[in-house]
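S.K.: Dropping the structure in here first, questions after.
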Amino acid sequence: MYKRVTTIFLLAMIAILASAADRQMSITLKNASTCDMPNYPFLIALTDGPKVASALVMSDGKEIPCQLDDIDGDGKFDELFALVNLPRKSQKTFQITLSDTGTPRAYEPKVYMDMMLTNSKIKESNKQNLYISQLTVDRGVNPYSMLHHHGAAFENELVAYRIYFDHRQTVDIYGKYKMGLELKETQFYPDKAQAASGYGDDVLWVGNTLGVGTLRGWDGQAPTMISDVEHRSQRLVARGPLRTIVEVKDEQWRPQPDSQPTDMVTYYTLYAGRRDCRVDVFFNREVNDLKFATGLINVKNSVEHSDHQGLRGCWGTDWPVSEKDSAGHKRETVGLGICLYRYDVESELPATKDNYPFVIKTSDNRLTYRITFGSDNESFGFHNAKDWFAYLEEWKKTIIAEDQVEVQ
């Protein structure tokens, strides 16, 4: 299993090594930046200590909602997660109690996720019922059409994403009109009554493009699909109440016919209250012999924004489905964004008819970047390119500031 909990960039991770039945600790987070962080992801790795059954996080005498997650699926919680408020130029102290008895505390769900097989006996697209938690297929098997909404889907009150379960592994999006959790009711495909009452819908046609930050191979001239694999998997790792994590695994992937087989695991993490999705990619070896591609779909008639240091975005309008299937749909206006670490960028390529692409690389066995989007349908969001691009610039500043939070 990939050591995910020891390789995520510093989200205030602390290893818990004590052995008492109830373990208590005090952790202070210092935000020295000028960025407010209302939803800072506070993560504690539970490693090498006794099994944790329940946890309590307190600050200033108030209970902070948290969740315990079993990332590697071994039946033991290995991460404690909370979203905390860190105003600019401030520090906060948190009291944490870990217990080997009880069960995780219940908090109001702020996120939702699902994956399901298509039930051919049910004709309605929003009433499917064959829920699954994971699926692995062998070489040559394409489960895209066997899965409802074609792969794992996940949301918070602002946005929703899905990951195609095929050789494309495209990241696609669902835009909302109003804040709230919807996928349990619409299952990514609202019926006419739901649409009339203000539920959201698929707002982007992705085809074979990079969608929103999809990772692909690179053959020296163009992005390549994740095709030559022995086994392909999707797994629902964390279901909330504060974050969702989807694991996508490609075993024995050969990016080129003469490439060394490589295992790749990608985690897509969505936090409550945030538009952006974190993408963490791990390989079972150092992959400095490989290059990869990612970026954004070139939405028809879109305008582009880039700081030429890893941040790129676009704002445009197109049909959310292929034009031949556009009956009953309207054109959708969206803003897309991706933020890469500058040192992972090999080159920022000019726009093609399909994509705003990057060639990226890593000197070791991991990659991390963020993706985000907004829909012009939102009553709470952005409605023009100028405001969207201003948001992207502030988003990058916050990402940099989060990396610099001090743990005391």
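Identifiers in the structure tokens: chain A, B, ... in order shown; residue index from 1 per chain; ligand index from 1 in order shown.
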Could you name the residues that touch A:Ser379 at 12 Å or less, counting only C-alpha atoms, but leaving out those on the same chain fewer than 6 positions away, as a list in words?
M.R.: Leu158, Gly175, Lys176, Tyr177, Lys178, Met179, Gly180, Gly198, Tyr199 and Gly200 of chain A
S.K.: Could you pull the residues within 12 Å of A:Ser133, counting only C-alpha atoms, minus those fewer than 5 positions along the same chain, as a PDB file with all heavy atoms, in the first residue's frame?
M.R.:
ATOM      1  N   GLY A  73      -7.717   0.721   4.165  1.00  0.00           N
ATOM      2  CA  GLY A  73      -8.694  -0.357   4.176  1.00  0.00           C
ATOM      3  C   GLY A  73      -8.313  -1.547   5.029  1.00  0.00           C
ATOM      4  O   GLY A  73      -8.826  -2.649   4.815  1.00  0.00           O
ATOM      5  N   MET A 113     -20.967  11.166  -1.451  1.00  0.00           N
ATOM      6  CA  MET A 113     -20.368  10.490  -2.586  1.00  0.00           C
ATOM      7  C   MET A 113     -21.067   9.171  -2.827  1.00  0.00           C
ATOM      8  O   MET A 113     -21.673   8.592  -1.911  1.00  0.00           O
ATOM      9  CB  MET A 113     -18.871  10.257  -2.357  1.00  0.00           C
ATOM     10  CG  MET A 113     -18.555   9.209  -1.303  1.00  0.00           C
ATOM     11  SD  MET A 113     -16.791   9.104  -0.861  1.00  0.00           S
ATOM     12  CE  MET A 113     -16.024   8.936  -2.461  1.00  0.00           C
ATOM     13  N   ASP A 114     -20.999   8.667  -4.058  1.00  0.00           N
ATOM     14  CA  ASP A 114     -21.517   7.335  -4.348  1.00  0.00           C
ATOM     15  C   ASP A 114     -20.898   6.781  -5.621  1.00  0.00           C
ATOM     16  O   ASP A 114     -20.269   7.497  -6.405  1.00  0.00           O
ATOM     17  CB  ASP A 114     -23.052   7.317  -4.432  1.00  0.00           C
ATOM     18  CG  ASP A 114     -23.638   8.105  -5.598  1.00  0.00           C
ATOM     19  OD1 ASP A 114     -23.019   8.134  -6.682  1.00  0.00           O
ATOM     20  OD2 ASP A 114     -24.718   8.695  -5.452  1.00  0.00           O
ATOM     21  N   MET A 115     -21.066   5.489  -5.781  1.00  0.00           N
ATOM     22  CA  MET A 115     -20.713   4.777  -7.008  1.00  0.00           C
ATOM     23  C   MET A 115     -21.700   3.630  -7.116  1.00  0.00           C
ATOM     24  O   MET A 115     -22.020   2.996  -6.110  1.00  0.00           O
ATOM     25  CB  MET A 115     -19.269   4.276  -6.950  1.00  0.00           C
ATOM     26  CG  MET A 115     -18.809   3.580  -8.226  1.00  0.00           C
ATOM     27  SD  MET A 115     -17.000   3.368  -8.346  1.00  0.00           S
ATOM     28  CE  MET A 115     -16.665   2.312  -6.947  1.00  0.00           C
ATOM     29  N   MET A 116     -22.197   3.364  -8.301  1.00  0.00           N
ATOM     30  CA  MET A 116     -23.218   2.325  -8.426  1.00  0.00           C
ATOM     31  C   MET A 116     -23.202   1.696  -9.805  1.00  0.00           C
ATOM     32  O   MET A 116     -22.802   2.324 -10.798  1.00  0.00           O
ATOM     33  CB  MET A 116     -24.608   2.890  -8.111  1.00  0.00           C
ATOM     34  CG  MET A 116     -25.088   3.955  -9.045  1.00  0.00           C
ATOM     35  SD  MET A 116     -26.631   4.735  -8.484  1.00  0.00           S
ATOM     36  CE  MET A 116     -25.978   5.947  -7.347  1.00  0.00           C
ATOM     37  N   LEU A 117     -23.608   0.435  -9.833  1.00  0.00           N
ATOM     38  CA  LEU A 117     -23.829  -0.251 -11.095  1.00  0.00           C
ATOM     39  C   LEU A 117     -25.173   0.164 -11.672  1.00  0.00           C
ATOM     40  O   LEU A 117     -26.108   0.502 -10.928  1.00  0.00           O
ATOM     41  CB  LEU A 117     -23.818  -1.764 -10.876  1.00  0.00           C
ATOM     42  CG  LEU A 117     -22.528  -2.362 -10.317  1.00  0.00           C
ATOM     43  CD1 LEU A 117     -22.758  -3.832  -9.975  1.00  0.00           C
ATOM     44  CD2 LEU A 117     -21.398  -2.220 -11.309  1.00  0.00           C
ATOM     45  N   GLY A 151     -18.858   6.266 -13.074  1.00  0.00           N
ATOM     46  CA  GLY A 151     -17.756   6.214 -12.119  1.00  0.00           C
ATOM     47  C   GLY A 151     -18.145   6.889 -10.819  1.00  0.00           C
ATOM     48  O   GLY A 151     -19.304   7.266 -10.613  1.00  0.00           O
ATOM     49  N   ALA A 152     -17.192   7.036  -9.930  1.00  0.00           N
ATOM     50  CA  ALA A 152     -17.463   7.658  -8.635  1.00  0.00           C
ATOM     51  C   ALA A 152     -17.859   9.120  -8.804  1.00  0.00           C
ATOM     52  O   ALA A 152     -17.289   9.848  -9.630  1.00  0.00           O
ATOM     53  CB  ALA A 152     -16.228   7.547  -7.745  1.00  0.00           C
ATOM     54  N   ALA A 153     -18.845   9.566  -8.018  1.00  0.00           N
ATOM     55  CA  ALA A 153     -19.271  10.960  -8.006  1.00  0.00           C
ATOM     56  C   ALA A 153     -19.260  11.465  -6.569  1.00  0.00           C
ATOM     57  O   ALA A 153     -19.584  10.714  -5.641  1.00  0.00           O
ATOM     58  CB  ALA A 153     -20.670  11.111  -8.609  1.00  0.00           C
ATOM     59  N   SER A 233      -8.941   0.212 -10.978  1.00  0.00           N
ATOM     60  CA  SER A 233      -9.851   0.200  -9.830  1.00  0.00           C
ATOM     61  C   SER A 233     -10.323   1.599  -9.488  1.00  0.00           C
ATOM     62  O   SER A 233      -9.619   2.592  -9.712  1.00  0.00           O
ATOM     63  CB  SER A 233      -9.160  -0.387  -8.591  1.00  0.00           C
ATOM     64  OG  SER A 233      -8.662  -1.676  -8.820  1.00  0.00           O
ATOM     65  N   GLN A 234     -11.525   1.664  -8.914  1.00  0.00           N
ATOM     66  CA  GLN A 234     -11.998   2.846  -8.198  1.00  0.00           C
ATOM     67  C   GLN A 234     -12.520   2.387  -6.843  1.00  0.00           C
ATOM     68  O   GLN A 234     -13.163   1.336  -6.738  1.00  0.00           O
ATOM     69  CB  GLN A 234     -13.102   3.585  -8.959  1.00  0.00           C
ATOM     70  CG  GLN A 234     -12.604   4.405 -10.121  1.00  0.00           C
ATOM     71  CD  GLN A 234     -13.652   5.366 -10.673  1.00  0.00           C
ATOM     72  OE1 GLN A 234     -14.763   5.503 -10.130  1.00  0.00           O
ATOM     73  NE2 GLN A 234     -13.313   6.054 -11.749  1.00  0.00           N
ATOM     74  N   ARG A 235     -12.237   3.197  -5.816  1.00  0.00           N
ATOM     75  CA  ARG A 235     -12.660   2.843  -4.453  1.00  0.00           C
ATOM     76  C   ARG A 235     -13.073   4.103  -3.709  1.00  0.00           C
ATOM     77  O   ARG A 235     -12.391   5.124  -3.776  1.00  0.00           O
ATOM     78  CB  ARG A 235     -11.513   2.149  -3.710  1.00  0.00           C
ATOM     79  CG  ARG A 235     -11.840   1.727  -2.286  1.00  0.00           C
ATOM     80  CD  ARG A 235     -10.739   0.821  -1.726  1.00  0.00           C
ATOM     81  NE  ARG A 235      -9.498   1.534  -1.482  1.00  0.00           N
ATOM     82  CZ  ARG A 235      -9.118   2.009  -0.284  1.00  0.00           C
ATOM     83  NH1 ARG A 235      -9.910   1.852   0.769  1.00  0.00           N
ATOM     84  NH2 ARG A 235      -7.963   2.628  -0.152  1.00  0.00           N
ATOM     85  N   LEU A 236     -14.200   4.024  -2.991  1.00  0.00           N
ATOM     86  CA  LEU A 236     -14.651   5.120  -2.144  1.00  0.00           C
ATOM     87  C   LEU A 236     -13.955   4.976  -0.800  1.00  0.00           C
ATOM     88  O   LEU A 236     -14.250   4.066  -0.023  1.00  0.00           O
ATOM     89  CB  LEU A 236     -16.169   5.077  -1.976  1.00  0.00           C
ATOM     90  CG  LEU A 236     -16.994   5.017  -3.275  1.00  0.00           C
ATOM     91  CD1 LEU A 236     -18.483   5.129  -2.953  1.00  0.00           C
ATOM     92  CD2 LEU A 236     -16.569   6.092  -4.267  1.00  0.00           C
ATOM     93  N   VAL A 237     -13.040   5.878  -0.510  1.00  0.00           N
ATOM     94  CA  VAL A 237     -12.183   5.762   0.666  1.00  0.00           C
ATOM     95  C   VAL A 237     -12.773   6.466   1.875  1.00  0.00           C
ATOM     96  O   VAL A 237     -12.823   5.909   2.972  1.00  0.00           O
ATOM     97  CB  VAL A 237     -10.779   6.313   0.355  1.00  0.00           C
ATOM     98  CG1 VAL A 237      -9.904   6.327   1.601  1.00  0.00           C
ATOM     99  CG2 VAL A 237     -10.119   5.488  -0.746  1.00  0.00           C
ATOM    100  N   ALA A 238     -13.197   7.706   1.711  1.00  0.00           N
ATOM    101  CA  ALA A 238     -13.749   8.505   2.817  1.00  0.00           C
ATOM    102  C   ALA A 238     -15.057   9.136   2.366  1.00  0.00           C
ATOM    103  O   ALA A 238     -15.122   9.747   1.298  1.00  0.00           O
ATOM    104  CB  ALA A 238     -12.755   9.578   3.253  1.00  0.00           C
ATOM    105  N   ARG A 239     -16.091   9.005   3.195  1.00  0.00           N
ATOM    106  CA  ARG A 239     -17.447   9.418   2.805  1.00  0.00           C
ATOM    107  C   ARG A 239     -17.969  10.620   3.585  1.00  0.00           C
ATOM    108  O   ARG A 239     -19.131  10.950   3.491  1.00  0.00           O
ATOM    109  CB  ARG A 239     -18.416   8.254   3.015  1.00  0.00           C
ATOM    110  CG  ARG A 239     -18.152   7.038   2.148  1.00  0.00           C
ATOM    111  CD  ARG A 239     -19.073   5.896   2.545  1.00  0.00           C
ATOM    112  NE  ARG A 239     -18.926   4.725   1.705  1.00  0.00           N
ATOM    113  CZ  ARG A 239     -19.662   4.457   0.635  1.00  0.00           C
ATOM    114  NH1 ARG A 239     -20.615   5.300   0.276  1.00  0.00           N
ATOM    115  NH2 ARG A 239     -19.480   3.364  -0.067  1.00  0.00           N
ATOM    116  N   ILE A 245     -12.947  11.124  -0.265  1.00  0.00           N
ATOM    117  CA  ILE A 245     -11.733  10.717  -0.976  1.00  0.00           C
ATOM    118  C   ILE A 245     -12.083   9.563  -1.902  1.00  0.00           C
ATOM    119  O   ILE A 245     -12.655   8.566  -1.472  1.00  0.00           O
ATOM    120  CB  ILE A 245     -10.614  10.282  -0.021  1.00  0.00           C
ATOM    121  CG1 ILE A 245     -10.268  11.396   0.984  1.00  0.00           C
ATOM    122  CG2 ILE A 245      -9.358   9.894  -0.812  1.00  0.00           C
ATOM    123  CD1 ILE A 245      -9.254  10.971   2.033  1.00  0.00           C
ATOM    124  N   VAL A 246     -11.738   9.718  -3.171  1.00  0.00           N
ATOM    125  CA  VAL A 246     -11.868   8.643  -4.158  1.00  0.00           C
ATOM    126  C   VAL A 246     -10.465   8.184  -4.538  1.00  0.00           C
ATOM    127  O   VAL A 246      -9.596   9.013  -4.835  1.00  0.00           O
ATOM    128  CB  VAL A 246     -12.611   9.116  -5.420  1.00  0.00           C
ATOM    129  CG1 VAL A 246     -12.615   8.013  -6.478  1.00  0.00           C
ATOM    130  CG2 VAL A 246     -14.036   9.521  -5.084  1.00  0.00           C
ATOM    131  N   GLU A 247     -10.253   6.885  -4.530  1.00  0.00           N
ATOM    132  CA  GLU A 247      -8.985   6.306  -4.962  1.00  0.00           C
ATOM    133  C   GLU A 247      -9.154   5.701  -6.355  1.00  0.00           C
ATOM    134  O   GLU A 247     -10.071   4.923  -6.594  1.00  0.00           O
ATOM    135  CB  GLU A 247      -8.555   5.214  -3.984  1.00  0.00           C
ATOM    136  CG  GLU A 247      -7.265   4.493  -4.389  1.00  0.00           C
ATOM    137  CD  GLU A 247      -7.046   3.234  -3.559  1.00  0.00           C
ATOM    138  OE1 GLU A 247      -7.636   2.185  -3.910  1.00  0.00           O
ATOM    139  OE2 GLU A 247      -6.313   3.318  -2.557  1.00  0.00           O
TER     140      GLU A 247
END
S.K.: Which residue gives the smallest distance to A:Arg88 among A:Pro38, A:Gly102, A:Pro350, A:Gly335, with only C-alpha atoms counted?
M.R.: A:Pro38
S.K.: Atom CA of A:Gly337 to atom CA of A:Thr372: how many Å, to one decimal?
M.R.: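 According to the coordinates, atom CA of A:Gly337 and atom CA of A:Thr372 are separated by 5.0 Å.
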S.K.: Which residues are close to A:Thr262, i.e. within 9 Å by only C-alpha atoms, leaving aside same-chain residues fewer than 5 positions away? Reply as a VMD selection string.
M.R.: chain A and resid 229 250 to 255 283 to 285 287
S.K.: As an NGL selection string, which residues of stretch 36-255 of chain A does DSSP assign to strand (DSSP E or B)?
M.R.: :A and (37-45 or 54-59 or 62-64 or 66-69 or 79-86 or 90-99 or 111-117 or 130-131 or 134-138 or 147-156 or 160-163 or 171-175 or 201-202 or 212 or 216-218 or 223-224 or 231-239 or 243-253)
S.K.: Can you list, as a PyMOL selection string, every protein, DNA or RNA residue that comes within 10 Å of A:Ser227 when you count only C-alpha atoms, leaving out same-chain residues fewer than 3 positions away?
M.R.: chain A and resi 139-140+166-169+216-217+224+230+232+250+253-256
S.K.: Do a neighbour search on stretch 356-359 of chain A at 12 Å with only C-alpha atoms, toss out local chain neighbours closer than 3 positions, and write the hits as a VMD selection string.
M.R.: chain A and resid 209 to 224 290 to 300 302 to 306 308 to 315 336 to 353 362
S.K.: Rank A:Ile400, A:Ala53, A:Val206, A:Ile96 by their smallest atom-to-atom distance to A:Thr34, using only C-alpha atoms, and report the top residue only.
M.R.: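 Between A:Ile400, A:Ala53, A:Val206, A:Ile96, the residue approaching A:Thr34 most closely is A:Ile400.
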S.K.: When you look at A:Lys92 with a cut-off of 12 Å (counting only C-alpha atoms), what residues show up, excluding the ones that are within fewer than 4 positions of it in the same chain? I need them as a list in words.
M.R.: Ser26, Ile27, Thr28, Leu29, Lys30, Asn31, Ala32, Met37, Tyr40, Phe42, Met58, Ser59, Asp60, Gly61, Val84, Asn85, Leu86, Pro87, Arg88, Val405, Glu406, Val407 and Gln408 of chain A
S.K.: Take the residues that were just selected and, keeping C-alpha atoms, output them as an mmCIF file, in the first residue's frame.
M.R.:
data_model
loop_
_atom_site.group_PDB
_atom_site.id
_atom_site.type_symbol
_atom_site.label_atom_id
_atom_site.label_comp_id
_atom_site.auth_asym_id
_atom_site.auth_seq_id
_atom_site.Cartn_x
_atom_site.Cartn_y
_atom_site.Cartn_z
ATOM 1 C CA SER A 26 -2.546 20.155 22.386
ATOM 2 C CA ILE A 27 -1.608 21.356 18.902
ATOM 3 C CA THR A 28 -1.224 24.978 17.812
ATOM 4 C CA LEU A 29 -1.526 26.082 14.180
ATOM 5 C CA LYS A 30 -0.004 29.432 13.205
ATOM 6 C CA ASN A 31 -1.120 31.283 10.079
ATOM 7 C CA ALA A 32 1.462 34.017 9.528
ATOM 8 C CA MET A 37 -8.353 30.270 5.855
ATOM 9 C CA TYR A 40 -8.135 24.877 6.526
ATOM 10 C CA PHE A 42 -6.222 19.948 9.612
ATOM 11 C CA MET A 58 -11.902 21.158 20.856
ATOM 12 C CA SER A 59 -10.851 24.802 20.458
ATOM 13 C CA ASP A 60 -11.735 27.791 22.646
ATOM 14 C CA GLY A 61 -14.074 25.550 24.614
ATOM 15 C CA VAL A 84 -10.704 24.690 11.059
ATOM 16 C CA ASN A 85 -10.893 28.460 10.826
ATOM 17 C CA LEU A 86 -7.475 30.151 10.678
ATOM 18 C CA PRO A 87 -7.805 33.918 10.201
ATOM 19 C CA ARG A 88 -4.861 35.808 8.753
ATOM 20 C CA VAL A 405 1.103 27.029 8.177
ATOM 21 C CA GLU A 406 3.313 26.287 11.189
ATOM 22 C CA VAL A 407 2.578 23.460 13.621
ATOM 23 C CA GLN A 408 3.593 24.010 17.241
#
